[in-house]
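Undergrad: Once you've had a glance at the structure underneath, I'll fire off some questions.
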Amino acid sequence: MPERLIFEISREGRKGYTLPKMDVPVDSFRSSTPGKYLRATPAELPEVSENEVVRHFVRLSNMNYHIDKGFYPLGSCTMKYNPKVNEKASAMSGNADIHPLGPQEAVQGALELMYNLGDMLREIAGMSAVSLQPAAGAQGELTGIMLIRKYHESKGKVRSKILVPDSAHGTNPASVAISGYKAVSIKSNQNGTVDLDDLRQHIDDEVAGMMLTNPNTLGIFEKDIVKISKMVHDVGGLMYMDGANLNAIVGLVRPGDMGFDVVHINLHKTFSTPHGGGGPGSGPVAVNDKLRDFLPVPVIEKNAGKFSLNFNKPNSIGKVHSFFGNFGMHVRAYTYILSHGPEGLRGNSINAVINANYLLSKLRGSFLLPYKARPMHEFVLSADTQKERGVKTLDIAKRLLDYGYHAPTIYFPLIVHEALMIEPTETETKETLDEFAKALLSIDEETKTSPDTVKSAPTTTPVRRLDDALAARNVNICFKE
Ligand SMILES: *Cc1c(COP(=O)(O)O)cnc(C)c1O
């Protein structure tokens, strides 16, 4: 039976609690509150018993797929397991119950935690300063491009364009456009990396900077990165690193050493904080000396063992988020970093790369690998062969749901036909990877023997194929029917 809405379970007068009879006048609140703030009619709330509420939401949570339930091979998203110790630390009263407007003397521990986290991220990035304010990778990008703009402003000319490879995540050109720059697409070569000849043709003194993901969205390390950085720097541009793929390189390579001037770090990817239902995330930016004066305010400073907030930064771009960003995420990332230590973090990156390459070795006999270079923490297959049998990547992704898995990222990056982008992360066991590979290989067999089974998937999920295009265009339709 489909789960009913909680309003359908509701029965008038039913309650989820029993309380002793009130011994104070019931209407004192009504009589002491100005009439304009009072409701004319009671709120329409469901009336249900406690066990009905609990069971309703437990049943809904069972329908949902999440990282605590199963493997989540979503490429580019780094859906690793979120250790429970992170949650424990963030729920501690000293972290969860403080107020962002509390006096600085009373929140020294929180300031210290953010100061230390910034310092650790700074070291990992090989940069000189960090802002924890941005609430996601995309907002980190916007902040970074605003910093680059401010830098050029201080030199007298903001310039007009930012170079972005054609394999980039969609947020890259979007951040560029929102910042008032023109995004200029740079081609990839047959190895899946930046085509240096195409880059050369677009380099001139109108280039404010270049945005690059490394390893890139094919999971391939840009081997020419030092050369690329030099080309951009030679014309006075700056280098932005989209750090979404940092999980492949923590403790192995530092963005600062590759020539980047600014990088964002997705704490909800590399540092195991939850992605949530679209948030809250956290996307700190780390910068080198060229950009540190422009960082958002306030900056947390340490003097003689005391922490304080410095709002007096005349060249700052201002604030990009209220207070300090999503503090609960900072606590989780800090816990993750401390509980692993430098060797542990480096080990995680190495294992993420090993896991991806192991899984690839099982799948590449049945699915095309358009770019042959050895990938790092993720890889992008093409279902072009399966498409010849009449089955699209979308069908394969939907069929995986019937096998009990979340689907990988599909149709991204755009330069791969029928793309399946798979990122296992380091937190999965060999057995999990073996089972997942078995499921994909079995679906490949089905594309030969019973393609209609794949095309009509999913059949075992709470809902079948949704018309997501219609839902995106007409949000209200969900509520009307
Ligand atoms: C996830 C991702 C982003 C955007 O980060 P959000 O935290 O989702 O805003 C940008 N670039 C790449 C390559 C990503 O994978």
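By convention in this document, the chains of the structure tokens carry letters A, B, ... by their order, each chain's residues are numbered from 1, and ligands are numbered from 1 in the order they are shown.
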Give me, as a tab-separated table, each residue of chain A that comes within 8 Å of ligand 1, together with its shortest interatomic pair and the distance in Å at one decimal, counting only C-alpha atoms and all ligand atoms, with rows ordered by chain and rising residue number.
TA:
```
residue	atom	partner	partner_atom_place_in_ligand_line	distance
A:Gly75	CA	ligand 1	15 (O)	7.6
A:Ser76	CA	ligand 1	15 (O)	4.0
A:Cys77	CA	ligand 1	15 (O)	5.1
A:Thr78	CA	ligand 1	15 (O)	7.8
A:Ala135	CA	ligand 1	7 (O)	7.7
A:Ala136	CA	ligand 1	7 (O)	4.0
A:Gly137	CA	ligand 1	7 (O)	3.4
A:Ala138	CA	ligand 1	9 (O)	3.7
A:Gln139	CA	ligand 1	9 (O)	6.4
A:Gly140	CA	ligand 1	9 (O)	7.7
A:Glu141	CA	ligand 1	10 (C)	7.8
A:Ala168	CA	ligand 1	13 (C)	6.6
A:His169	CA	ligand 1	11 (N)	4.9
A:Gly170	CA	ligand 1	11 (N)	7.3
A:Thr171	CA	ligand 1	10 (C)	5.7
A:Asn172	CA	ligand 1	10 (C)	6.8
A:Thr213	CA	ligand 1	13 (C)	6.3
A:Asn216	CA	ligand 1	13 (C)	7.4
A:Thr217	CA	ligand 1	13 (C)	5.9
A:Asp242	CA	ligand 1	11 (N)	5.8
A:Gly243	CA	ligand 1	11 (N)	7.2
A:Ala244	CA	ligand 1	14 (C)	4.7
A:Asn245	CA	ligand 1	13 (C)	6.5
A:Asn266	CA	ligand 1	7 (O)	5.6
A:His268	CA	ligand 1	7 (O)	7.1
A:Lys269	CA	ligand 1	1 (C)	7.7
A:Gly281	CA	ligand 1	7 (O)	6.4
A:Ser282	CA	ligand 1	7 (O)	6.9
A:Gly283	CA	ligand 1	7 (O)	6.3
```
Undergrad: How about saving the chosen residues, C-alpha atoms kept, as a PDB file, in the first residue's frame?
TA:
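The resulting file, selection.pdb, is shown below:
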```
ATOM      1  CA  GLY A  75      30.642  10.465  -9.592  1.00  0.00           C
ATOM      2  CA  SER A  76      32.010  13.921  -8.798  1.00  0.00           C
ATOM      3  CA  CYS A  77      29.988  13.992  -5.560  1.00  0.00           C
ATOM      4  CA  THR A  78      32.334  11.936  -3.331  1.00  0.00           C
ATOM      5  CA  ALA A 135      28.064  27.304   2.186  1.00  0.00           C
ATOM      6  CA  ALA A 136      28.823  25.034  -0.777  1.00  0.00           C
ATOM      7  CA  GLY A 137      31.285  24.402  -3.581  1.00  0.00           C
ATOM      8  CA  ALA A 138      29.298  26.587  -5.960  1.00  0.00           C
ATOM      9  CA  GLN A 139      29.344  29.472  -3.488  1.00  0.00           C
ATOM     10  CA  GLY A 140      33.065  28.904  -2.964  1.00  0.00           C
ATOM     11  CA  GLU A 141      33.486  29.290  -6.729  1.00  0.00           C
ATOM     12  CA  ALA A 168      33.983  21.424 -16.396  1.00  0.00           C
ATOM     13  CA  HIS A 169      31.102  21.139 -13.968  1.00  0.00           C
ATOM     14  CA  GLY A 170      28.196  23.410 -14.882  1.00  0.00           C
ATOM     15  CA  THR A 171      28.670  25.531 -11.778  1.00  0.00           C
ATOM     16  CA  ASN A 172      32.002  26.799 -13.187  1.00  0.00           C
ATOM     17  CA  THR A 213      39.363  20.891 -11.757  1.00  0.00           C
ATOM     18  CA  ASN A 216      39.420  16.780 -13.826  1.00  0.00           C
ATOM     19  CA  THR A 217      35.852  15.534 -14.146  1.00  0.00           C
ATOM     20  CA  ASP A 242      37.628  23.649  -8.411  1.00  0.00           C
ATOM     21  CA  GLY A 243      38.535  21.439  -5.452  1.00  0.00           C
ATOM     22  CA  ALA A 244      35.552  19.086  -5.689  1.00  0.00           C
ATOM     23  CA  ASN A 245      37.939  16.256  -6.591  1.00  0.00           C
ATOM     24  CA  ASN A 266      33.840  20.824  -0.473  1.00  0.00           C
ATOM     25  CA  HIS A 268      30.630  17.650   2.309  1.00  0.00           C
ATOM     26  CA  LYS A 269      32.677  15.676  -0.203  1.00  0.00           C
ATOM     27  CA  GLY A 281      27.136  22.028   2.904  1.00  0.00           C
ATOM     28  CA  SER A 282      30.350  23.937   3.325  1.00  0.00           C
ATOM     29  CA  GLY A 283      32.752  25.186   0.660  1.00  0.00           C
TER      30      GLY A 283
END
```
Undergrad: As JSON, numbers by chain, please: every residue in region 105-331 of chain A that DSSP puts in strand (DSSP E or B).
TA: {"A": [129, 130, 131, 161, 162, 163, 164, 165, 182, 183, 184, 185, 186, 188, 194, 207, 208, 209, 210, 211, 212, 213, 238, 239, 240, 241, 242, 262, 263, 264, 285, 286, 287, 299, 300, 301, 302, 303, 306, 307, 308, 309, 310, 323, 325]}
Undergrad: To one decimal in Å, tell me the separation between CA of Tyr403 (chain A) and CA of Pro370 (chain A).
TA: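 Computing it gives 25.8 Å between the two atoms.
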Undergrad: Using DSSP on the backbone coordinates, identify the residues of region 300-453 of chain A assigned to alpha helix (DSSP H); present them as a PyMOL selection string.
TA: chain A and resi 327-363+384-388+393-402+430-449+451-453
Undergrad: Quick one: residues within 6 Å of Ala356 (chain A), only C-alpha atoms counted, chain neighbours fewer than 4 positions away excluded, as an MDAnalysis selection string?
TA: chainID A and resid 377:378 424
Undergrad: Closest to Gly219 (chain A) among A:Lys84, A:Lys372, A:Lys319, A:His340, using only C-alpha atoms?
TA: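 The shortest atom-to-atom distance to Gly219 (chain A) comes from A:Lys372.
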